[in-house]
Every structure is written in C-alpha cells, then in structure tokens.
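Notes for the one structure printed next.
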Amino acid sequence: MITVERYHDISMGHRVVGHENKCRHLHGHNYRIHFTCSSEELDALGRVIDFGVIKATLCQWLEENWDHKMMLWDQDPLLPSLRELAHEDLVVVPFNPTAEQMARHLVEVVGVELLAGTGVSLIAVRIDETRKCSATYTK
C-alpha cells in the first residue's frame, strides 16, 4: 500500500463535556490535522493523489467548516445559551468533541463524502491538539 499525507493547521475552540480537568471549560487549540490518503492504483503520473487536490478538498473543508469556530456536542448543556450569543460561530456535532472523535468523523464522514468517486480513500487522520498530544483514527 502506498499512502500520502498532507497536514493543515486551523484554530478552533471546543470543550469536552464531563471532562475531569481543564478541558471541561471552553478553550481552544491551534490544531494540526494530518490527512493520510491511499489508493489501490497510482495515477498516470505515479501518484496516489495530487497534494493540491487534498488541499482543495480536505484542507479547504476544514477552512470553511471548522477554522476559527467553536465546536460543541449537540448534548452540551451550554449549547442553548451559546446559540443565542454566537450562532454563526458554532459547529454543532453529534459527539463529544475530543480529538479522537474529531479524527473519526473526518475519516468516516467527511473523507468519504469529499473523496467519493475519486478512487482515493482517506484512511487515517491524526489530530495534534498540541505539540505533545495527538490522536489518530485509522480506518
């Protein structure tokens, strides 16, 4: 198997409902999100996918949907109040927004949708919350 990887940096806030420490508070990270793509066959030039296509699809999706937003679980008790204050700044998701859950969502939902019909699969996403802490979901 041949894979390619491209990363993209975004800034986004979140909070983890039920977290036992600081992450229960509204806070943010400068995330580095690594996309790993694979294909059964290389294209005519010998590539899995052009890096520019990853940028134009997956990286651009991050820019438009997550960058400089606040991600909250649809079950977060703070959600109703924050919707009143800053509805356009929120990304509401059906999971508690840990790095692990975000990585899985990118692989299982976003990657499937954006790369459909290309013959290329998003097989893994690593999310670096900090330089010391990351989570990876591999299909």
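We name chains A, B, ... following the order of the structure tokens; residues begin at 1 in each chain, and ligands are numbered from 1 as shown.
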*asked:* Taking only chain A into account, list the residues labelled alpha helix (DSSP H) by DSSP (computed from the backbone), as an MDAnalysis selection string.
replied: chainID A and resid 51:54 60:65 79:86 99:105 112:114
*Within 8 Å of stretch 66-76 of chain A, counting only C-alpha atoms, which residues qualify if same-chain residues fewer than 6 places away don't, as a PyMOL selection string?*
chain A and resi 10-15+17+89-97
*To one decimal in Å, tell me the separation between atom CA of A:Val125 and atom CA of A:Gly46.*
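Between atom CA of A:Val125 and atom CA of A:Gly46 the gap is 23.0 Å.
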*Tell me, in Å to one decimal, how far atom CA of A:Ala103 is from atom CA of A:Val120.*
17.8 Å
_Taking 6 positions as the minimum chain separation for residues in the same chain, which residues sit within 12 Å of A:Val53 when counting only C-alpha atoms? Answer as number ranges by chain._
A: 4-6, 35, 37, 47, 59-61, 114-115, 118, 120
*Nearest-residue call for A:His19, choices A:Asn65, A:Ser134, A:Thr3, A:Thr98, using only C-alpha atoms*: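 Smallest separation from A:His19 among the options: A:Thr98.
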*Could you tell me which of A:Leu26, A:Ile127, A:Cys133, A:Leu106 comes closest to A:Leu82 if we count only C-alpha atoms?*
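When distances to A:Leu82 are compared using only C-alpha atoms, the smallest one comes from A:Leu26.
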_What's around A:Tyr7 at 9 Å? Count only C-alpha atoms, leave out sequence neighbours fewer than 2 positions away in its own chain, and write the answer as a count of residues only._
10
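By only C-alpha atoms, and with residues fewer than 5 positions from A:Glu40 along its chain excluded, the set lying at most 10 Å from it is Met1, Ile2, Thr3, Val48, Gly119, Val120 and Ser121 of chain A.
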